[in-house]
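K.L.:
Before I ask anything, here is the structure I am working with.
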Amino acid sequence: MKRKYLSILVCPGSIALCLIIILGCNSNGLGTYSGTPYEDSVYGEGAQIIPGKLQCEYYDQGGEGIAFHDSDSVNSGSGGLNKADGSYLHEFRIHEAVDISYTKFQDPPIDNTPYNFVEQEKDQLYVGWTEPGEWTKYTIHVDKEGTYDLGLMYTANQDGKISFSVNDLDVTGPIEVPSTFVVADTVAFRQWHHWNYIDKLAQIQLKKGIQTFTIHTVEIGSMNYEFVNFKLVN
Ligand SMILES: [Ca+2]
Ligand SMILES: [Ca+2]
């Protein structure tokens, strides 16, 4: 909910009315940002709590240019690769442009190959089909002020680069994300499905309270983002 304030001051010694118009002061403390935490019938906890795991698929509500930027207007995962069938996993944010899929454990394997660098779980939603210039934004509730290591659960078809912003300020610059390509895997599409976790991709400072966090795909893309772990180090 937005509150707008209009203050009119009569300046001493002047016939002019000084109008101080403070527009767009959002009651959530995020200035002019109009996005809101994601919620649906399964997830209703509001802003994601830090420290903890930030689920990449729960980027804010608010649409293109506000809560995310995507290169096209369709979801290549939900309703695309994963045909609409009434299920939560196949229809998750189906009408939004951000491309979302989920980890599939099956035979023959997809996300459950021996080529995973770390153990992964099934049915984990993730943001995929990423391209340079795309981003997703999250309202976060930072419970403890301090220094945080950021860990990333991801796949990368090639070496890529991402960056992170807090309250729209770039706090990391471009960060290299190592490829998870495995030559020994001869199934071409699975080069997007070798999961890896880096526990200290970046280190950032966070103040306590409600703020925004943004994941930017900077170079190459073709990365899948499952979650970002915020670990308080001091
Ligand atoms: Ca898309
Ligand atoms: Ca996830």
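Residue numbering restarts at 1 in every chain; chains get A, B, ... in the order shown in the structure tokens, and ligands count up from 1 in that same order.
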Once you count only C-alpha atoms and all ligand atoms, which residues end up within 12 Å of ligand 2, and could you hand them over as a PyMOL selection string?
P.N.:
chain A and resi 53-59+89+92+100-103+120-128+152-154+224-229
K.L.:
Go ahead and write the residues just picked, C-alpha atoms, as a short mmCIF file (atom, residue, chain, number, x, y, z; two decimals), in the first residue's frame.
P.N.:
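The result, written out as selection-v9.cif:
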data_model
loop_
_atom_site.label_atom_id
_atom_site.label_comp_id
_atom_site.auth_asym_id
_atom_site.auth_seq_id
_atom_site.Cartn_x
_atom_site.Cartn_y
_atom_site.Cartn_z
CA LYS A 53 18.01 -19.35 1.65
CA LEU A 54 16.50 -16.99 -0.87
CA GLN A 55 14.47 -19.00 -3.37
CA CYS A 56 15.11 -17.49 -6.79
CA GLU A 57 11.66 -18.38 -8.16
CA TYR A 58 10.00 -16.22 -5.49
CA TYR A 59 11.04 -12.95 -7.10
CA LEU A 89 5.33 -27.28 -10.67
CA PHE A 92 4.23 -21.96 -11.47
CA ILE A 100 11.05 -21.15 -14.54
CA SER A 101 11.51 -24.89 -14.36
CA TYR A 102 12.14 -27.46 -11.64
CA THR A 103 14.58 -30.27 -10.96
CA GLN A 120 20.58 -31.77 -5.45
CA GLU A 121 16.95 -32.40 -4.51
CA LYS A 122 14.04 -33.14 -6.81
CA ASP A 123 11.17 -30.74 -7.55
CA GLN A 124 13.19 -27.62 -6.76
CA LEU A 125 11.96 -24.61 -8.73
CA TYR A 126 14.61 -22.46 -10.38
CA VAL A 127 15.00 -19.49 -12.72
CA GLY A 128 16.47 -20.59 -16.04
CA LEU A 152 24.65 -19.98 -5.07
CA MET A 153 23.02 -23.24 -6.18
CA TYR A 154 23.21 -23.16 -9.96
CA ASN A 224 20.00 -21.71 -13.86
CA TYR A 225 19.58 -20.17 -10.41
CA GLU A 226 17.99 -22.33 -7.74
CA PHE A 227 18.67 -20.44 -4.52
CA VAL A 228 21.03 -17.92 -2.98
CA ASN A 229 22.16 -18.72 0.55
#
K.L.:
Mind checking DSSP for region 142-182 of chain A and telling me the strand (DSSP E or B) residues as a list in words?
P.N.:
Val142, Gly146, Thr147, Tyr148, Asp149, Leu150, Gly151, Leu152, Met153, Tyr154, Thr155, Ala156, Gly160, Lys161, Ile162, Ser163, Phe164, Ser165, Val166, Leu169, Asp170, Ile175, Glu176 and Val177 of chain A
K.L.:
Pull N, CA and C atoms from the residues just selected and write them as a short mmCIF file (atom, residue, chain, number, x, y, z; two decimals), in the first residue's frame.
P.N.:
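Final output, saved to result_28.cif:
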data_model
loop_
_atom_site.label_atom_id
_atom_site.label_comp_id
_atom_site.auth_asym_id
_atom_site.auth_seq_id
_atom_site.Cartn_x
_atom_site.Cartn_y
_atom_site.Cartn_z
N VAL A 142 15.86 -8.49 6.37
CA VAL A 142 17.14 -8.81 7.01
C VAL A 142 16.96 -8.74 8.52
N GLY A 146 24.91 -7.20 9.29
CA GLY A 146 26.26 -7.76 9.33
C GLY A 146 26.82 -8.10 7.96
N THR A 147 27.89 -8.89 8.00
CA THR A 147 28.58 -9.34 6.80
C THR A 147 28.06 -10.72 6.42
N TYR A 148 27.73 -10.86 5.16
CA TYR A 148 27.16 -12.13 4.69
C TYR A 148 27.97 -12.71 3.54
N ASP A 149 28.20 -14.03 3.61
CA ASP A 149 28.68 -14.77 2.44
C ASP A 149 27.46 -15.19 1.64
N LEU A 150 27.53 -14.98 0.32
CA LEU A 150 26.45 -15.40 -0.55
C LEU A 150 26.85 -16.68 -1.27
N GLY A 151 26.05 -17.72 -1.09
CA GLY A 151 26.27 -18.98 -1.80
C GLY A 151 25.23 -19.14 -2.89
N LEU A 152 25.58 -19.83 -3.95
CA LEU A 152 24.65 -19.98 -5.07
C LEU A 152 24.54 -21.45 -5.49
N MET A 153 23.31 -21.92 -5.58
CA MET A 153 23.02 -23.24 -6.18
C MET A 153 22.63 -22.97 -7.63
N TYR A 154 23.37 -23.57 -8.57
CA TYR A 154 23.21 -23.16 -9.96
C TYR A 154 23.69 -24.24 -10.92
N THR A 155 23.39 -24.04 -12.20
CA THR A 155 24.09 -24.71 -13.28
C THR A 155 24.53 -23.64 -14.27
N ALA A 156 25.58 -23.92 -15.03
CA ALA A 156 26.06 -22.96 -16.03
C ALA A 156 26.60 -23.74 -17.22
N GLY A 160 30.01 -17.96 -16.87
CA GLY A 160 29.15 -16.79 -16.97
C GLY A 160 29.52 -15.76 -15.93
N LYS A 161 28.76 -14.67 -15.91
CA LYS A 161 28.96 -13.66 -14.87
C LYS A 161 27.60 -13.16 -14.39
N ILE A 162 27.52 -12.98 -13.07
CA ILE A 162 26.32 -12.38 -12.49
C ILE A 162 26.75 -11.25 -11.55
N SER A 163 25.80 -10.47 -11.09
CA SER A 163 26.08 -9.48 -10.05
C SER A 163 24.86 -9.35 -9.17
N PHE A 164 25.08 -8.77 -7.99
CA PHE A 164 23.99 -8.61 -7.03
C PHE A 164 23.87 -7.13 -6.63
N SER A 165 22.63 -6.70 -6.48
CA SER A 165 22.36 -5.34 -6.01
C SER A 165 21.56 -5.39 -4.72
N VAL A 166 21.79 -4.41 -3.88
CA VAL A 166 20.97 -4.22 -2.68
C VAL A 166 20.39 -2.81 -2.77
N LEU A 169 21.59 -0.71 -5.64
CA LEU A 169 23.01 -0.37 -5.75
C LEU A 169 23.81 -1.65 -5.96
N ASP A 170 24.63 -1.65 -7.01
CA ASP A 170 25.48 -2.81 -7.29
C ASP A 170 26.47 -2.97 -6.14
N ILE A 175 30.58 -11.02 -11.14
CA ILE A 175 31.19 -12.16 -10.45
C ILE A 175 31.23 -13.34 -11.43
N GLU A 176 32.38 -14.00 -11.49
CA GLU A 176 32.49 -15.16 -12.38
C GLU A 176 31.76 -16.36 -11.80
N VAL A 177 30.99 -16.99 -12.66
CA VAL A 177 30.28 -18.22 -12.28
C VAL A 177 30.84 -19.34 -13.15
#
K.L.:
Could I get the residue neighbourhood of ligand 1 at 7 Å, counting only C-alpha atoms and all ligand atoms, as a PDB file with C-alpha atoms, in the first residue's frame?
P.N.:
ATOM      1  CA  ASP A  70      13.196 -10.661 -19.075  1.00  0.00           C
ATOM      2  CA  SER A  71      14.229 -10.767 -22.741  1.00  0.00           C
ATOM      3  CA  ASP A  72      10.845 -11.951 -23.986  1.00  0.00           C
ATOM      4  CA  SER A  73       7.265 -12.090 -22.773  1.00  0.00           C
ATOM      5  CA  VAL A  74       6.795 -15.831 -22.350  1.00  0.00           C
ATOM      6  CA  ASN A  75       7.718 -18.335 -19.673  1.00  0.00           C
ATOM      7  CA  SER A  76       9.838 -20.923 -21.498  1.00  0.00           C
ATOM      8  CA  ALA A  97       7.986 -13.746 -18.565  1.00  0.00           C
ATOM      9  CA  VAL A  98      10.649 -15.026 -16.184  1.00  0.00           C
ATOM     10  CA  ASP A  99      11.516 -18.577 -17.252  1.00  0.00           C
TER      11      ASP A  99
END
K.L.:
Which residues come within 7 Å of Trp135 (chain A), counting only C-alpha atoms, excluding same-chain residues fewer than 3 positions away, as a list in words?
P.N.:
Phe68, His69, Asp70, Thr214, Ile215, His216 and Thr217 of chain A
K.L.:
I need the residues in region 38-119 of chain A that are helix (DSSP H, G or I) according to DSSP; give them as a VMD selection string.
P.N.:
chain A and resid 56 to 58 88 to 91
K.L.:
Go ahead and write the selection's residues with N, CA and C atoms as an mmCIF file, in the first residue's frame.
P.N.:
data_model
loop_
_atom_site.group_PDB
_atom_site.id
_atom_site.type_symbol
_atom_site.label_atom_id
_atom_site.label_comp_id
_atom_site.auth_asym_id
_atom_site.auth_seq_id
_atom_site.Cartn_x
_atom_site.Cartn_y
_atom_site.Cartn_z
ATOM 1 N N CYS A 56 15.065 -18.402 -5.642
ATOM 2 C CA CYS A 56 15.112 -17.488 -6.792
ATOM 3 C C CYS A 56 13.771 -17.362 -7.514
ATOM 4 N N GLU A 57 12.956 -18.422 -7.455
ATOM 5 C CA GLU A 57 11.665 -18.380 -8.158
ATOM 6 C C GLU A 57 10.655 -17.474 -7.467
ATOM 7 N N TYR A 58 10.919 -17.111 -6.209
ATOM 8 C CA TYR A 58 9.999 -16.222 -5.485
ATOM 9 C C TYR A 58 10.404 -14.760 -5.643
ATOM 10 N N TYR A 88 1.193 -27.675 -9.725
ATOM 11 C CA TYR A 88 1.909 -26.486 -9.230
ATOM 12 C C TYR A 88 3.236 -26.312 -9.961
ATOM 13 N N LEU A 89 3.988 -27.389 -10.091
ATOM 14 C CA LEU A 89 5.325 -27.284 -10.671
ATOM 15 C C LEU A 89 5.292 -26.905 -12.154
ATOM 16 N N HIS A 90 4.298 -27.385 -12.889
ATOM 17 C CA HIS A 90 4.235 -27.075 -14.325
ATOM 18 C C HIS A 90 3.620 -25.710 -14.608
ATOM 19 N N GLU A 91 2.849 -25.199 -13.652
ATOM 20 C CA GLU A 91 2.135 -23.943 -13.935
ATOM 21 C C GLU A 91 2.588 -22.790 -13.045
#
